[in-house]
Amino acid sequence: MAWRLASEGLEVTMLERGRLGQEASWAAAGLIAPQAEAHEPGPFFDLAVKAKNSFDSIVDRLTRESGVDCEYDHHGVLYAAFDGPAAEELKARAKWQRELGAKVDELSAAEARKLAPAISPKVVGALHMPTNWRVDNRKLTQAYINAAVAKGVTIREGARVEAIVESGGRATGARLDGGETLGAEVIVLAAGAWSNEVRGLEQDRIRFYPVRGQIICFDARPGLLGPSLFSGGGILVPRRDGRVIAGSVFEEAGFNKSVTMEAMEVILSAVRALAPSLGSIPFREAWAGLRPATDDLLPVIGPSPSIGNVIYASGHFRSGILLSALTGEIVADLVNGRTPGVDLKPIAPARFRDGNFERVKITLKAL
């Protein structure tokens, strides 16, 4: 967002409570994969498809302006089924995705193993989503930071915003926890799982909360896996240098970023079932991150209904990397008085104040 805004000549200051890029974006798997992440047609799938198109349109420019290759690999996603019911579910998914214009191929077990020899011999069929790709999320985050700095964005780390300062129904600035107030004509709230810690927007009735995800990383030889591998229980996402990311789980655990035995068992069980031939690759590290969730698990992007010159860009849950470019595009449109090319109603902040949302409960489960 900061890069996009500064690219249009605006003076932008980023206030970061800790260190830039060290929370949810650092902990992600890096998927730009709308078909793999959406389980049904609807607002999220529509948004995710637009998000991928937006990302595709900016990634080359971002690389040039940042000097960072985010490793946007075009290897696709292979989504595997282990039994008849799972295969029927994937068949239904392929049908509605094709009806909406998405590219998806239904594969036999033999065709799936030809594409990804590492997958389990117990796989009975799969979907291949050839246009669902991946990045190295940590490199992507650094690319956004570098590009923003190159455009003149001021960055202040260790600057926790305590409250939005308001006068006459409009925000006039942001007050830091040390008492300093910075003036602003427009404020963009993009504090992720910590968004509710910023006071002043209580009338909007939006609850942001953390959902813990845990990931295990292994070392393997480069090229061992081609496509990212999905199943109903877990994912395997390779990196160019041979690392393999295995995940993930969803847990309501507050702001606790501990790595737990229970979650590791869930992930390991899922990835062993998906690709048992990888059982001998060495462990590298494990980590946890906090996905920023809302009560309906959809992002919140758009102007505050109570303070119009505050724009939300938060609550992206498991899809922050995928939605990153589109979020910047929408915010830049709103700040500059343009009508975004996206229907904002399903993700509008006002839906919570008006009660136009469906609450979704999170429990411990695999991806």
# chains A, B, ... in the order shown; residues from 1 in each chain; ligands from 1

call {"tool": "closest_atom_pairs", "arguments": {"of": "segment 221-247 of chain A", "to": "segment 129-132 of chain A", "cutoff": "12 Å", "atoms": "only C-alpha atoms", "output": "CSV"}}
result
residue,atom,partner,partner_atom,distance
A:Gly226,CA,A:Pro130,CA,11.2
A:Pro227,CA,A:Pro130,CA,8.5
A:Ser228,CA,A:Asn132,CA,9.0
A:Leu229,CA,A:Met129,CA,10.5
A:Phe230,CA,A:Met129,CA,10.7
A:Val237,CA,A:Asn132,CA,12.0

call {"tool": "closest_atom_pairs", "arguments": {"of": "segment 139-215 of chain A", "to": "segment 258-280 of chain A", "cutoff": "10 Å", "atoms": "only C-alpha atoms", "output": "JSON lines"}}
result
{"residue": "A:Arg212", "atom": "CA", "partner": "A:Ser258", "partner_atom": "CA", "distance": 8.8}
{"residue": "A:Gly213", "atom": "CA", "partner": "A:Ala263", "partner_atom": "CA", "distance": 8.8}
{"residue": "A:Gln214", "atom": "CA", "partner": "A:Val259", "partner_atom": "CA", "distance": 6.5}
{"residue": "A:Ile215", "atom": "CA", "partner": "A:Ile267", "partner_atom": "CA", "distance": 7.8}

call {"tool": "select_by_dssp", "arguments": {"residues": "segment 132-176 of chain A", "states": "alpha helix (DSSP H)", "output": "number ranges by chain"}}
result
A: 137-150

call {"tool": "residues_around", "arguments": {"residues": "Ala87 of chain A", "least_positions_apart": "6", "cutoff": "12 Å", "atoms": "only C-alpha atoms", "output": "ChimeraX atom specification"}}
result
/A:79-81,93-94,106-109,123-127,231-232

call {"tool": "write_last_selection", "arguments": {"atoms": "C-alpha atoms", "output": "PDB file, in the first residue's frame"}}
result
ATOM      1  CA  TYR A  79      -4.724 -30.864  -5.026  1.00  0.00           C
ATOM      2  CA  ALA A  80      -4.913 -34.580  -4.145  1.00  0.00           C
ATOM      3  CA  ALA A  81      -7.752 -36.855  -3.012  1.00  0.00           C
ATOM      4  CA  ARG A  93     -14.778 -27.898  -7.072  1.00  0.00           C
ATOM      5  CA  ALA A  94     -13.459 -28.299 -10.616  1.00  0.00           C
ATOM      6  CA  GLU A 106      -8.944 -33.302 -13.416  1.00  0.00           C
ATOM      7  CA  LEU A 107      -6.190 -35.922 -13.221  1.00  0.00           C
ATOM      8  CA  SER A 108      -6.179 -39.655 -12.663  1.00  0.00           C
ATOM      9  CA  ALA A 109      -3.883 -41.033  -9.975  1.00  0.00           C
ATOM     10  CA  VAL A 123      -3.887 -40.870  -3.998  1.00  0.00           C
ATOM     11  CA  VAL A 124      -6.891 -41.771  -6.143  1.00  0.00           C
ATOM     12  CA  GLY A 125      -7.081 -38.566  -8.182  1.00  0.00           C
ATOM     13  CA  ALA A 126      -6.230 -34.890  -8.148  1.00  0.00           C
ATOM     14  CA  LEU A 127      -6.919 -31.447  -9.513  1.00  0.00           C
ATOM     15  CA  SER A 231      -4.794 -32.238   0.358  1.00  0.00           C
ATOM     16  CA  GLY A 232      -7.700 -31.897   2.745  1.00  0.00           C
TER      17      GLY A 232
END

call {"tool": "residues_around", "arguments": {"residues": "Trp133 of chain A", "least_positions_apart": "5", "cutoff": "12 Å", "atoms": "only C-alpha atoms", "output": "ChimeraX atom specification"}}
result
/A:29-37,52-53,55-56,71-78,128,226-229,237-239,321-322

call {"tool": "atom_distance", "arguments": {"atom1": "atom CA of Arg291 of chain A", "atom2": "atom CA of Ala174 of chain A"}}
result
24.2 Å

call {"tool": "residues_around", "arguments": {"residues": "segment 191-193 of chain A", "least_positions_apart": "3", "cutoff": "9 Å", "atoms": "only C-alpha atoms", "output": "tab-separated table (two decimals) with N, CA and C atoms, in the first residue's frame"}}
result
chain	number	residue	atom	x	y	z
A	16	GLU	N	5.11	1.22	12.41
A	16	GLU	CA	5.15	-0.22	12.68
A	16	GLU	C	5.46	-0.44	14.16
A	17	ARG	N	4.57	-1.19	14.83
A	17	ARG	CA	4.72	-1.39	16.27
A	17	ARG	C	5.96	-2.20	16.62
A	23	GLU	N	5.68	-10.35	11.09
A	23	GLU	CA	4.53	-11.01	11.69
A	23	GLU	C	3.88	-11.97	10.69
A	24	ALA	N	2.61	-11.78	10.35
A	24	ALA	CA	1.90	-12.75	9.51
A	24	ALA	C	2.55	-12.92	8.15
A	196	ASN	N	-7.40	-3.97	16.67
A	196	ASN	CA	-8.30	-3.49	17.72
A	196	ASN	C	-7.57	-2.78	18.85
A	197	GLU	N	-6.25	-2.86	18.88
A	197	GLU	CA	-5.50	-2.14	19.90
A	197	GLU	C	-5.45	-0.65	19.62
A	198	VAL	N	-5.76	-0.25	18.40
A	198	VAL	CA	-5.81	1.17	18.04
A	198	VAL	C	-7.17	1.71	18.42
A	208	PHE	N	-11.19	-7.77	15.33
A	208	PHE	CA	-10.03	-8.43	14.73
A	208	PHE	C	-9.41	-9.31	15.80
A	209	TYR	N	-9.04	-10.52	15.42
A	209	TYR	CA	-8.43	-11.40	16.42
A	209	TYR	C	-7.40	-12.31	15.74
A	210	PRO	N	-6.43	-12.81	16.51
A	210	PRO	CA	-5.38	-13.64	15.93
A	210	PRO	C	-5.79	-15.11	15.83
A	211	VAL	N	-5.44	-15.73	14.72
A	211	VAL	CA	-5.59	-17.17	14.54
A	211	VAL	C	-4.19	-17.73	14.29
A	255	PHE	N	-2.60	-14.26	21.45
A	255	PHE	CA	-1.39	-13.76	20.80
A	255	PHE	C	-0.18	-14.64	21.11
A	290	LEU	N	0.55	-15.32	13.44
A	290	LEU	CA	-0.82	-14.96	13.81
A	290	LEU	C	-1.55	-14.37	12.62
A	291	ARG	N	-2.50	-15.13	12.07
A	291	ARG	CA	-3.31	-14.64	10.98
A	291	ARG	C	-4.32	-13.63	11.52
A	292	PRO	N	-4.51	-12.50	10.86
A	292	PRO	CA	-5.49	-11.52	11.34
A	292	PRO	C	-6.89	-11.86	10.84
A	293	ALA	N	-7.76	-12.29	11.74
A	293	ALA	CA	-9.09	-12.76	11.36
A	293	ALA	C	-10.17	-11.78	11.78
A	294	THR	N	-11.32	-11.90	11.12
A	294	THR	CA	-12.54	-11.18	11.49
A	294	THR	C	-13.62	-12.22	11.76
A	313	ALA	N	-7.52	-1.68	6.08
A	313	ALA	CA	-6.88	-2.64	5.18
A	313	ALA	C	-6.33	-3.75	6.06
A	314	SER	N	-7.24	-4.53	6.62
A	314	SER	CA	-6.83	-5.52	7.62
A	314	SER	C	-7.75	-6.73	7.56
A	315	GLY	N	-7.48	-7.71	8.43
A	315	GLY	CA	-8.32	-8.89	8.52
A	315	GLY	C	-8.19	-9.84	7.35
A	316	HIS	N	-7.00	-9.93	6.75
A	316	HIS	CA	-6.83	-10.74	5.55
A	316	HIS	C	-6.70	-12.24	5.83
A	317	PHE	N	-6.73	-12.62	7.09
A	317	PHE	CA	-6.73	-14.01	7.53
A	317	PHE	C	-5.59	-14.80	6.88

call {"tool": "closest_residue", "arguments": {"among": "A:Ile301, A:Val188, A:Leu100, A:Val149", "to": "Pro346 of chain A", "atoms": "only C-alpha atoms"}}
result
A:Ile301

call {"tool": "select_by_dssp", "arguments": {"residues": "segment 132-228 of chain A", "states": "strand (DSSP E or B)", "output": "ChimeraX atom specification"}}
result
/A:133-134,154-157,161-167,170-176,181-183,187-189,199,209-219,228

call {"tool": "residues_around", "arguments": {"residues": "segment 165-169 of chain A", "least_positions_apart": "3", "cutoff": "12 Å", "atoms": "only C-alpha atoms", "output": "list of chain:residue names"}}
result
A:Val161, A:Glu162, A:Thr172, A:Gly173, A:Ala174, A:Arg175, A:Leu176, A:Gly179, A:Glu180, A:Thr181, A:Leu182, A:Gly183, A:Ala184, A:Glu185, A:Val186, A:Ile187, A:Val198, A:Arg199, A:Gly200, A:Leu201, A:Ser304, A:Pro305, A:Ser306, A:Ile307, A:Gly308, A:Asn309, A:Val310

call {"tool": "decode", "arguments": {"residues": "segment 54-96 of chain A", "atoms": "N, CA and C atoms", "output": "short mmCIF file (atom, residue, chain, number, x, y, z; two decimals), in the first residue's frame"}}
result
data_model
loop_
_atom_site.label_atom_id
_atom_site.label_comp_id
_atom_site.auth_asym_id
_atom_site.auth_seq_id
_atom_site.Cartn_x
_atom_site.Cartn_y
_atom_site.Cartn_z
N SER A 54 -4.21 -8.74 -10.11
CA SER A 54 -3.54 -7.53 -9.67
C SER A 54 -2.07 -7.81 -9.37
N PHE A 55 -1.79 -8.92 -8.71
CA PHE A 55 -0.41 -9.27 -8.39
C PHE A 55 0.39 -9.50 -9.67
N ASP A 56 -0.20 -10.23 -10.61
CA ASP A 56 0.49 -10.49 -11.88
C ASP A 56 0.86 -9.19 -12.58
N SER A 57 0.01 -8.18 -12.43
CA SER A 57 0.23 -6.92 -13.15
C SER A 57 1.33 -6.06 -12.56
N ILE A 58 1.70 -6.32 -11.28
CA ILE A 58 2.70 -5.44 -10.64
C ILE A 58 4.02 -6.13 -10.33
N VAL A 59 4.10 -7.45 -10.43
CA VAL A 59 5.27 -8.15 -9.88
C VAL A 59 6.56 -7.80 -10.62
N ASP A 60 6.51 -7.63 -11.93
CA ASP A 60 7.74 -7.27 -12.66
C ASP A 60 8.21 -5.87 -12.28
N ARG A 61 7.27 -4.94 -12.18
CA ARG A 61 7.63 -3.59 -11.77
C ARG A 61 8.17 -3.57 -10.35
N LEU A 62 7.54 -4.33 -9.47
CA LEU A 62 8.01 -4.41 -8.09
C LEU A 62 9.44 -4.91 -8.02
N THR A 63 9.75 -5.93 -8.81
CA THR A 63 11.11 -6.47 -8.84
C THR A 63 12.10 -5.41 -9.30
N ARG A 64 11.75 -4.70 -10.36
CA ARG A 64 12.65 -3.65 -10.87
C ARG A 64 12.89 -2.56 -9.84
N GLU A 65 11.82 -2.09 -9.23
CA GLU A 65 11.94 -0.93 -8.35
C GLU A 65 12.53 -1.28 -6.99
N SER A 66 12.42 -2.54 -6.58
CA SER A 66 12.93 -2.95 -5.27
C SER A 66 14.31 -3.57 -5.33
N GLY A 67 14.66 -4.14 -6.50
CA GLY A 67 15.92 -4.87 -6.60
C GLY A 67 15.86 -6.24 -5.95
N VAL A 68 14.65 -6.72 -5.62
CA VAL A 68 14.48 -8.02 -4.95
C VAL A 68 13.63 -8.93 -5.83
N ASP A 69 14.16 -10.12 -6.10
CA ASP A 69 13.40 -11.15 -6.81
C ASP A 69 12.59 -11.93 -5.78
N CYS A 70 11.26 -11.81 -5.83
CA CYS A 70 10.43 -12.51 -4.85
C CYS A 70 10.17 -13.96 -5.21
N GLU A 71 10.83 -14.46 -6.27
CA GLU A 71 10.75 -15.87 -6.66
C GLU A 71 9.30 -16.28 -6.96
N TYR A 72 8.71 -15.58 -7.91
CA TYR A 72 7.35 -15.90 -8.32
C TYR A 72 7.38 -17.10 -9.25
N ASP A 73 7.21 -18.27 -8.70
CA ASP A 73 7.33 -19.53 -9.44
C ASP A 73 5.98 -19.99 -9.97
N HIS A 74 5.98 -20.41 -11.25
CA HIS A 74 4.75 -20.74 -11.96
C HIS A 74 4.56 -22.26 -12.07
N HIS A 75 4.67 -22.95 -10.94
CA HIS A 75 4.61 -24.42 -10.98
C HIS A 75 3.22 -24.98 -10.70
N GLY A 76 2.27 -24.14 -10.38
CA GLY A 76 0.92 -24.63 -10.18
C GLY A 76 0.72 -25.33 -8.85
N VAL A 77 -0.52 -25.76 -8.64
CA VAL A 77 -0.91 -26.50 -7.43
C VAL A 77 -1.52 -27.82 -7.85
N LEU A 78 -1.15 -28.88 -7.15
CA LEU A 78 -1.76 -30.19 -7.32
C LEU A 78 -2.54 -30.50 -6.05
N TYR A 79 -3.85 -30.63 -6.19
CA TYR A 79 -4.72 -30.86 -5.03
C TYR A 79 -5.17 -32.32 -5.07
N ALA A 80 -4.74 -33.13 -4.09
CA ALA A 80 -4.91 -34.58 -4.15
C ALA A 80 -6.09 -35.07 -3.30
N ALA A 81 -6.68 -36.17 -3.75
CA ALA A 81 -7.75 -36.85 -3.01
C ALA A 81 -7.31 -38.27 -2.69
N PHE A 82 -7.68 -38.75 -1.49
CA PHE A 82 -7.27 -40.07 -1.04
C PHE A 82 -8.40 -41.10 -1.04
N ASP A 83 -9.62 -40.66 -1.26
CA ASP A 83 -10.74 -41.60 -1.26
C ASP A 83 -11.86 -41.07 -2.14
N GLY A 84 -12.91 -41.87 -2.29
CA GLY A 84 -14.00 -41.50 -3.16
C GLY A 84 -14.68 -40.20 -2.80
N PRO A 85 -15.07 -40.01 -1.52
CA PRO A 85 -15.72 -38.75 -1.16
C PRO A 85 -14.85 -37.52 -1.44
N ALA A 86 -13.56 -37.63 -1.15
CA ALA A 86 -12.66 -36.50 -1.42
C ALA A 86 -12.55 -36.24 -2.91
N ALA A 87 -12.52 -37.32 -3.69
CA ALA A 87 -12.45 -37.17 -5.14
C ALA A 87 -13.71 -36.50 -5.69
N GLU A 88 -14.86 -36.86 -5.14
CA GLU A 88 -16.11 -36.23 -5.56
C GLU A 88 -16.13 -34.75 -5.19
N GLU A 89 -15.58 -34.42 -4.02
CA GLU A 89 -15.51 -33.02 -3.60
C GLU A 89 -14.64 -32.21 -4.56
N LEU A 90 -13.52 -32.81 -4.98
CA LEU A 90 -12.64 -32.12 -5.92
C LEU A 90 -13.31 -32.00 -7.29
N LYS A 91 -14.05 -33.01 -7.68
CA LYS A 91 -14.76 -32.94 -8.96
C LYS A 91 -15.77 -31.79 -8.95
N ALA A 92 -16.48 -31.62 -7.82
CA ALA A 92 -17.43 -30.53 -7.70
C ALA A 92 -16.71 -29.18 -7.72
N ARG A 93 -15.55 -29.13 -7.06
CA ARG A 93 -14.78 -27.90 -7.07
C ARG A 93 -14.35 -27.55 -8.50
N ALA A 94 -13.88 -28.54 -9.23
CA ALA A 94 -13.46 -28.30 -10.62
C ALA A 94 -14.62 -27.77 -11.45
N LYS A 95 -15.82 -28.30 -11.22
CA LYS A 95 -16.98 -27.90 -12.01
C LYS A 95 -17.30 -26.42 -11.81
N TRP A 96 -17.42 -26.00 -10.53
CA TRP A 96 -17.80 -24.60 -10.33
C TRP A 96 -16.67 -23.65 -10.71
#
